[in-house]
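Visitor: Starting off with a structure, shown below.
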Amino acid sequence: MREGNLEAPTRHPIDWRGDDFYNEESAFKEMERVFDICHGCRRCVSLCQSFPNLFDLVDATEDGEVHGVKKEAYWKVVDQCYLCDLCYMTKCPYTPPHAWNLDFPHLMLRAKAIKFKKGEVKAGEKFLASTDVHGQFAGIPIVVQTVNAVNRTKTARKVMDGALGVHPDAWMPELATKRFRWSAAKSVASTVTNGERTPGKVAIFSTCYVNYNEPGIGHDLLKVLAHNDIPYVIVDKESCCGMPKLELGDLDAVARHKAANMPVLARYAREGYAILSAVPSCTLMFKQELPLMFPECADTQLVKAAMFDPFEYLVARNRDGLLKTDFNTALGKVSYHIPCHGRVQNIGKKTEEMLKLVGTKVEVKLNTVERCSGHAGTYGVKTPTHPVAMKIGRPVFKAMAKDEPDCISSDCPMAGHHIAQGMRQAGMPAKAVLHPLSLVRIAYGLA
C-alpha cells in the first residue's frame with residue numbers, strides 16, 4: 001500500500017545551471033519515473049490537460065504501463081502544463097519530504113527549458129511572453145487608440161492567429177492610454193507606523209499588466225494605502241518579473257529580468273519597506289520561483305521575505321490594529337475567484353478575509369470559487385490551447401454565475417476577464433469585472 005506524505009510540501013532549489021539539467025535523456029528518465037507514479041495515483045486528473053493526456057497515453061499501451069509510451073509523446077504532457085503549481089501544493093501526496101521526491105511542475109519546467117534550448121519554441125510564443133516589449137506602445141497617444149481599435153477587428157485577429165498563434169476568439173487586454181508608472185504619484189509621505197506583522201511603509205512593484213493594461217488597479221491600491229495613512233513609493237525602475245519567460249522555459253531571460261529587478265527591490269527591502277505586487281503571478285515569482293532558481297543570492301532571499309500579496313498585507317495590517325474599517329458603500333453580490341498563483345503562496349484566503357471584513361460594515365454577499373479558471377497566462381490565448389482553457393474553466397464559469405452576482409472579481413485580472421468571456425459564451429448574463437482592490441476602494445467610498 002502506498003503511503004502519502006503527511007508533512008507540508010517543501011521545495012528543492014532548481015538546479016537549472018547544473019550539468020545534467022538540459023540533458024534530454026536524463027530528463028526523459030525522470031519523467032518516466034514521475035509519470036509512473038502519477039499513473040498509479042491519478043488524483044490530479046481534473047486539474048489541467050496534462051494529466052488526462054498522460055493517462056490516455058498510458059491506457060493506449062499494450063499493457064497499460066508507462067514504459068510502453070514513446071518518449072516523443074511525453075511532449076503532449078509537457079505542452080499542456082502551465083505551471084499553476086496546484087498539483088504540487090494541493091493534490092500530490094508524494095512531494096518532498098516524501099522519499100519519492102515528486103515535483104511535477106518543476107520537472108515540466110525542466111522539459112520546457114530543454115525544448116527552448118533546442119530552438120523548438122515559435123517566434124510568436126516568444127513575442128507573447130515579452131510583455132514589456134509589446135507593452136511599450138501603452139501610453140502613446142493615437143498609437144494606443146489605433147492598436148486597440150485594429151486588434152478588435154476580425155481581420156486583425158485572423159492575422160494574429162496566423163502570425164502569433166493567438167486564437168481569434170480569445171480575450172486580450174487592451175493597451176492603457178496612460179501607463180500606471182507615468183500617471184501615479186511616485187510617492188506619498190505619511191508617518192510610518194510599523195506593526196508586529198507589517199512594515200509601515202510600502203514599495204509598489206507595478207507589474208507589466210497593471211502598468212501597460214489596467215493602471216486603474218494600481219491607482220486603487222494607492223488610494224487604499226493613502227486612506228490608511230500608509231506611506232508608499234513606486235519602485236524606481238522595474239523589468240518584467242519573468243513569469244511569462246519561465247512558463248516558456250526561457251530561463252536565461254528569467255535571469256536577465258532578475259538581474260535588472262533584484263538590486264532595486266533589495267534596496268527597498270533593506271530600507272524596511274513591504275514590497276507589494278497586485279498580480280499574483282508576479283508576487284509568486286519573487287516569493288518562490290526566483291528564490292528557488294537563485295538560492296545563493298542574498299538579495300533574492302531578502303526580497304522574498306519583504307514581498308507581500310496586497311491582501312496579505314492589508315489583513316496583517318488589520319491584525320496589527322492599524323487598518324481603517326470605515327467602509328460605507330455596499331458592494332452587493334460579489335462572485336470572487338481565487339486564482340491558482342494566489343492559492344499556492346501559502347498565505348491563506350486573504351482576499352476573502354478582507355471582503356468578509358468589509359461585509360461586517362456594509363452589505364457584501366460573497367460567493368467564493370476556488371478552482372483554476374483555465375486562463376494561465378498565455379495558455380488561455382494561444383490558438384491550440386484556448387479551447388482547452390475554456391473547457392478547464394467551464395466549472396468556474398458556472399460557479400461564478402451562482403445567485404446572479406452584481407460583479408465578478410479575481411486577484412488575477414486576466415482570469416477575471418477570461419471568466420467573464422466564458423460566462424458570456426455560456427449564455428450567462430454579462431457582469432462587471434472588478435478587481436478586489438477596486439472593490440475595497442469602492443467600499444471605502446473613495447473616488
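Residues are named by chain letter and number: chains run A, B, ... in the order of the C-alpha cells, numbers start at 1 in each chain, and ligands are numbered from 1 in the order shown.
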Find the spatial neighbours of A:Leu222, counting only C-alpha atoms, within a cut-off of 10 Å - ignore same-chain residues fewer than 4 positions away - and output them as a PDB file with N, CA and C atoms, in the first residue's frame.
Guide:
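Final output, saved to part01.pdb:
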ATOM      1  N   ALA A 184       0.908  57.761 -11.896  1.00  0.00           N
ATOM      2  CA  ALA A 184       0.790  57.672 -10.436  1.00  0.00           C
ATOM      3  C   ALA A 184       1.784  58.605  -9.753  1.00  0.00           C
ATOM      4  N   ALA A 185       1.381  59.128  -8.622  1.00  0.00           N
ATOM      5  CA  ALA A 185       2.317  59.899  -7.800  1.00  0.00           C
ATOM      6  C   ALA A 185       3.435  58.964  -7.365  1.00  0.00           C
ATOM      7  N   SER A 187       5.439  58.975  -4.947  1.00  0.00           N
ATOM      8  CA  SER A 187       5.491  58.661  -3.517  1.00  0.00           C
ATOM      9  C   SER A 187       4.473  59.512  -2.778  1.00  0.00           C
ATOM     10  N   VAL A 188       4.008  59.010  -1.645  1.00  0.00           N
ATOM     11  CA  VAL A 188       3.128  59.752  -0.756  1.00  0.00           C
ATOM     12  C   VAL A 188       3.685  59.612   0.652  1.00  0.00           C
ATOM     13  N   VAL A 202       5.362  51.119   2.207  1.00  0.00           N
ATOM     14  CA  VAL A 202       5.185  50.159   1.118  1.00  0.00           C
ATOM     15  C   VAL A 202       5.897  50.638  -0.141  1.00  0.00           C
ATOM     16  N   ILE A 204       5.779  49.794  -4.219  1.00  0.00           N
ATOM     17  CA  ILE A 204       4.878  49.168  -5.190  1.00  0.00           C
ATOM     18  C   ILE A 204       5.660  48.701  -6.410  1.00  0.00           C
ATOM     19  N   GLY A 216      -5.749  51.278 -13.570  1.00  0.00           N
ATOM     20  CA  GLY A 216      -6.735  51.571 -12.526  1.00  0.00           C
ATOM     21  C   GLY A 216      -6.584  50.682 -11.310  1.00  0.00           C
ATOM     22  N   ILE A 217      -6.133  49.441 -11.519  1.00  0.00           N
ATOM     23  CA  ILE A 217      -5.908  48.537 -10.386  1.00  0.00           C
ATOM     24  C   ILE A 217      -4.825  49.112  -9.480  1.00  0.00           C
ATOM     25  N   GLY A 218      -3.745  49.590 -10.089  1.00  0.00           N
ATOM     26  CA  GLY A 218      -2.665  50.193  -9.308  1.00  0.00           C
ATOM     27  C   GLY A 218      -3.111  51.445  -8.589  1.00  0.00           C
ATOM     28  N   ALA A 226      -3.303  55.168   0.826  1.00  0.00           N
ATOM     29  CA  ALA A 226      -3.361  56.557   1.288  1.00  0.00           C
ATOM     30  C   ALA A 226      -4.473  56.736   2.322  1.00  0.00           C
ATOM     31  N   HIS A 227      -5.622  56.095   2.100  1.00  0.00           N
ATOM     32  CA  HIS A 227      -6.738  56.193   3.042  1.00  0.00           C
ATOM     33  C   HIS A 227      -6.339  55.655   4.410  1.00  0.00           C
ATOM     34  N   ASN A 228      -5.443  54.685   4.411  1.00  0.00           N
ATOM     35  CA  ASN A 228      -4.986  54.085   5.665  1.00  0.00           C
ATOM     36  C   ASN A 228      -3.689  54.707   6.189  1.00  0.00           C
ATOM     37  N   ILE A 230      -0.780  54.986   4.968  1.00  0.00           N
ATOM     38  CA  ILE A 230       0.417  54.168   4.764  1.00  0.00           C
ATOM     39  C   ILE A 230       1.260  54.839   3.681  1.00  0.00           C
ATOM     40  N   PRO A 231       2.437  55.341   4.021  1.00  0.00           N
ATOM     41  CA  PRO A 231       3.287  55.964   3.005  1.00  0.00           C
ATOM     42  C   PRO A 231       3.760  54.925   1.987  1.00  0.00           C
ATOM     43  N   TYR A 232       3.845  55.343   0.739  1.00  0.00           N
ATOM     44  CA  TYR A 232       4.279  54.410  -0.299  1.00  0.00           C
ATOM     45  C   TYR A 232       5.189  55.113  -1.288  1.00  0.00           C
ATOM     46  N   VAL A 233       5.946  54.305  -2.015  1.00  0.00           N
ATOM     47  CA  VAL A 233       6.737  54.772  -3.153  1.00  0.00           C
ATOM     48  C   VAL A 233       6.508  53.794  -4.299  1.00  0.00           C
ATOM     49  N   ILE A 234       6.585  54.289  -5.508  1.00  0.00           N
ATOM     50  CA  ILE A 234       6.600  53.419  -6.679  1.00  0.00           C
ATOM     51  C   ILE A 234       8.057  53.035  -6.915  1.00  0.00           C
ATOM     52  N   LEU A 437      -9.115  44.896  -5.314  1.00  0.00           N
ATOM     53  CA  LEU A 437      -8.638  46.190  -4.818  1.00  0.00           C
ATOM     54  C   LEU A 437      -9.617  47.303  -5.178  1.00  0.00           C
ATOM     55  N   ARG A 441     -11.656  49.761  -2.600  1.00  0.00           N
ATOM     56  CA  ARG A 441     -11.681  51.222  -2.798  1.00  0.00           C
ATOM     57  C   ARG A 441     -13.123  51.728  -2.835  1.00  0.00           C
TER      58      ARG A 441
END
Visitor: Contacts of A:Leu355 at 8 Å or less, counting only C-alpha atoms, minus same-chain residues fewer than 2 places along, as a PyMOL selection string?
Guide: chain A and resi 351-353+357-359+364+366+440
Visitor: Only C-alpha atoms, please: the residues just picked out, written as a JSON list (two decimals), in the first residue's frame.
Guide:
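Output contents, as saved in again_18.json:
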[["chain", "number", "residue", "atom", "x", "y", "z"],
["A", 351, "THR", "CA", -8.68, 38.49, -0.18],
["A", 352, "GLU", "CA", -11.73, 36.59, 1.01],
["A", 353, "GLU", "CA", -10.89, 37.60, 4.60],
["A", 357, "LEU", "CA", -14.23, 42.25, 6.86],
["A", 358, "VAL", "CA", -15.92, 44.73, 4.55],
["A", 359, "GLY", "CA", -19.10, 42.71, 4.99],
["A", 364, "VAL", "CA", -21.48, 42.15, 0.75],
["A", 366, "LEU", "CA", -19.82, 36.84, -1.20],
["A", 440, "VAL", "CA", -12.20, 47.72, -1.41]]
Visitor: Stretch 157-330 of chain A: which residues are strand (DSSP E) by DSSP, as a PyMOL selection string?
Guide: chain A and resi 187-188+202-205+232-234+274-277+307-308
Visitor: Skipping near chain neighbours, those fewer than 3 positions away, what residues fall within 6 Å of A:Ile419 using only C-alpha atoms, listed as a PyMOL selection string?
Guide: chain A and resi 397+416+422
Visitor: Using only C-alpha atoms, which residues of stretch 286-317 of chain A come within 12 Å of stretch 408-414 of chain A, and what is the closest atom pair for each, with the distance in Å to one decimal? Give it as a tab-separated table, sorted by chain and residue number.
Guide:
residue	atom	partner	partner_atom	distance
A:Asp309	CA	A:Asp411	CA	9.6
A:Pro310	CA	A:Asp411	CA	9.6
A:Phe311	CA	A:Asp411	CA	9.4
A:Glu312	CA	A:Asp411	CA	11.8
Visitor: Write the residues of the preceding selection, restricted to C-alpha atoms, as a PDB file, in the first residue's frame.
Guide:
ATOM      1  CA  ASP A 309       0.337  39.996  -1.770  1.00  0.00           C
ATOM      2  CA  PRO A 310      -1.676  43.231  -1.264  1.00  0.00           C
ATOM      3  CA  PHE A 311      -4.399  41.475   0.724  1.00  0.00           C
ATOM      4  CA  GLU A 312      -1.877  39.522   2.742  1.00  0.00           C
TER       5      GLU A 312
END
Visitor: Taking the backbone alone, and naming residues the way the document does, which bits of stretch 95-335 of chain A are helix (DSSP H, G or I) by DSSP, as number ranges by chain?
Guide: A: 104-117, 123-128, 131-137, 143-151, 154-164, 180-183, 208-212, 215-227, 243-248, 251-270, 280-293, 298-306, 310-319
Visitor: Please provide the set of residues having any atom within 9 Å of A:Pro97, restricted to only C-alpha atoms, with same-chain residues fewer than 5 positions apart removed, written as a ChimeraX atom specification.
Guide: /A:5,7-11
Visitor: Can you tell me, as a list of chain:residue names, what residues are no more than 12 Å from A:Lys361 when counting only C-alpha atoms, ignoring any on the same chain fewer than 3 positions away?
Guide: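 Once the adjacent positions are removed, what remains is A:Lys324, A:Thr325, A:Asp326, A:Phe327, A:Asn328, A:Thr329, A:Ala330, A:Leu331, A:Met354, A:Leu355, A:Lys356, A:Leu357, A:Val358, A:Val364, A:Ala443, A:Tyr444.
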Visitor: Do you know which residues are at most 8 Å from stretch 262-270 of chain A counting only C-alpha atoms, after dropping those on the same chain fewer than 2 positions away, and could you put them as a PyMOL selection string?
Guide: chain A and resi 203+235-238+258-260+272-275+299-300+302-303+306
Visitor: Take the selection from the previous step and output its residues with C-alpha atoms, as a compact mmCIF listing (two decimals), in the first residue's frame.
Guide:
# COMPACT_ATOMS: atom_id res chain seq x y z
CA ALA A 203 7.09 49.94 -2.17
CA VAL A 235 9.69 51.29 -7.30
CA ASP A 236 12.28 53.46 -9.11
CA LYS A 237 12.57 51.18 -12.12
CA GLU A 238 11.42 47.70 -12.93
CA LYS A 258 16.10 39.05 -12.17
CA ALA A 259 19.42 40.87 -12.65
CA ALA A 260 17.52 44.05 -13.52
CA GLY A 272 12.28 48.38 5.71
CA TYR A 273 9.61 48.56 3.02
CA ALA A 274 6.97 45.94 2.41
CA ILE A 275 7.01 45.26 -1.35
CA ASP A 299 19.27 39.96 -2.43
CA THR A 300 16.75 37.47 -3.81
CA LEU A 302 15.80 39.40 1.13
CA VAL A 303 13.17 40.40 -1.43
CA ALA A 306 9.74 41.52 2.04
Visitor: Write out as a PyMOL selection string the residues lying within 12 Å of A:Lys29, counting only C-alpha atoms and excluding same-chain residues fewer than 5 positions away.
Guide: chain A and resi 20+23-24+34-36+66-67+70-71+74+107+111
Visitor: Please, could you write that set of residues out with N, CA and C atoms as a PDB file, in the first residue's frame?
Guide:
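Produced file out_0.pdb, reproduced below:
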ATOM      1  N   ASP A  20      23.507  18.501 -15.666  1.00  0.00           N
ATOM      2  CA  ASP A  20      22.545  17.495 -16.105  1.00  0.00           C
ATOM      3  C   ASP A  20      21.179  18.074 -16.480  1.00  0.00           C
ATOM      4  N   ASN A  23      20.060  17.813 -20.094  1.00  0.00           N
ATOM      5  CA  ASN A  23      20.280  16.507 -20.696  1.00  0.00           C
ATOM      6  C   ASN A  23      18.926  15.853 -20.968  1.00  0.00           C
ATOM      7  N   GLU A  24      18.543  15.747 -22.231  1.00  0.00           N
ATOM      8  CA  GLU A  24      17.205  15.266 -22.588  1.00  0.00           C
ATOM      9  C   GLU A  24      16.994  13.818 -22.173  1.00  0.00           C
ATOM     10  N   VAL A  34       8.417   9.730 -12.769  1.00  0.00           N
ATOM     11  CA  VAL A  34       7.329  10.536 -12.210  1.00  0.00           C
ATOM     12  C   VAL A  34       5.987  10.167 -12.841  1.00  0.00           C
ATOM     13  N   PHE A  35       5.971   9.980 -14.149  1.00  0.00           N
ATOM     14  CA  PHE A  35       4.724   9.626 -14.835  1.00  0.00           C
ATOM     15  C   PHE A  35       4.179   8.297 -14.327  1.00  0.00           C
ATOM     16  N   ASP A  36       5.074   7.380 -14.000  1.00  0.00           N
ATOM     17  CA  ASP A  36       4.637   6.083 -13.475  1.00  0.00           C
ATOM     18  C   ASP A  36       3.930   6.256 -12.131  1.00  0.00           C
ATOM     19  N   VAL A  66       3.511   2.801 -18.142  1.00  0.00           N
ATOM     20  CA  VAL A  66       4.212   3.966 -18.675  1.00  0.00           C
ATOM     21  C   VAL A  66       5.352   3.582 -19.604  1.00  0.00           C
ATOM     22  N   HIS A  67       6.024   2.473 -19.345  1.00  0.00           N
ATOM     23  CA  HIS A  67       7.194   2.118 -20.169  1.00  0.00           C
ATOM     24  C   HIS A  67       6.818   1.888 -21.631  1.00  0.00           C
ATOM     25  N   LYS A  70       5.878   6.065 -25.931  1.00  0.00           N
ATOM     26  CA  LYS A  70       7.061   6.558 -26.631  1.00  0.00           C
ATOM     27  C   LYS A  70       7.486   7.904 -26.041  1.00  0.00           C
ATOM     28  N   LYS A  71       8.790   8.079 -25.940  1.00  0.00           N
ATOM     29  CA  LYS A  71       9.322   9.278 -25.290  1.00  0.00           C
ATOM     30  C   LYS A  71       8.902  10.554 -26.011  1.00  0.00           C
ATOM     31  N   TYR A  74       5.847  12.287 -24.760  1.00  0.00           N
ATOM     32  CA  TYR A  74       5.876  12.999 -23.481  1.00  0.00           C
ATOM     33  C   TYR A  74       5.575  14.490 -23.656  1.00  0.00           C
ATOM     34  N   LEU A 107       9.547  19.595 -12.909  1.00  0.00           N
ATOM     35  CA  LEU A 107      10.002  18.663 -13.939  1.00  0.00           C
ATOM     36  C   LEU A 107       9.507  19.129 -15.307  1.00  0.00           C
ATOM     37  N   ALA A 111      11.650  20.303 -18.684  1.00  0.00           N
ATOM     38  CA  ALA A 111      11.373  19.873 -20.061  1.00  0.00           C
ATOM     39  C   ALA A 111      11.151  21.073 -20.973  1.00  0.00           C
TER      40      ALA A 111
END
Visitor: Tell me, in Å to one decimal, how far atom CA of A:Pro105 is from atom CA of A:Asp56.
Guide: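 Distance between the two atoms: 19.3 Å.
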Visitor: Nearest to A:Leu248: which of A:Glu404, A:Asp79, A:Glu174, A:Asp169 is it, counting only C-alpha atoms?
Guide: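 Comparing A:Glu404, A:Asp79, A:Glu174, A:Asp169 against A:Leu248, the winner is A:Asp79.
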Visitor: Looking at only C-alpha atoms, which of A:Ala123, A:Met172, A:Ala399, A:Ile37 is the one that sits closest to A:Gln421?
Guide: A:Met172
Visitor: For the atom pair atom CA of A:Tyr212 and atom CA of A:His337, what is the interatomic distance in Å to one decimal place?
Guide: 23.0 Å
Visitor: Counting only C-alpha atoms, which of A:Phe28, A:Tyr82, A:Tyr94, A:Tyr209 gets nearest to A:Gly40?
Guide: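 So, comparing all the options, the nearest one is A:Tyr94.
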Visitor: Given the choices A:Pro244, A:Pro436, A:Gly18, A:Pro93, which gets closest to A:Arg42 if the distance is worked out from only C-alpha atoms?
Guide: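 Of A:Pro244, A:Pro436, A:Gly18, A:Pro93, the one nearest A:Arg42, counting only C-alpha atoms, is A:Pro93.
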Visitor: Just give me the gap between atom CA of A:Leu57 and atom CA of A:Gly393 in Å, one decimal is fine.
Guide: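 Atom CA of A:Gly393 lies at a distance of 23.4 Å from atom CA of A:Leu57.
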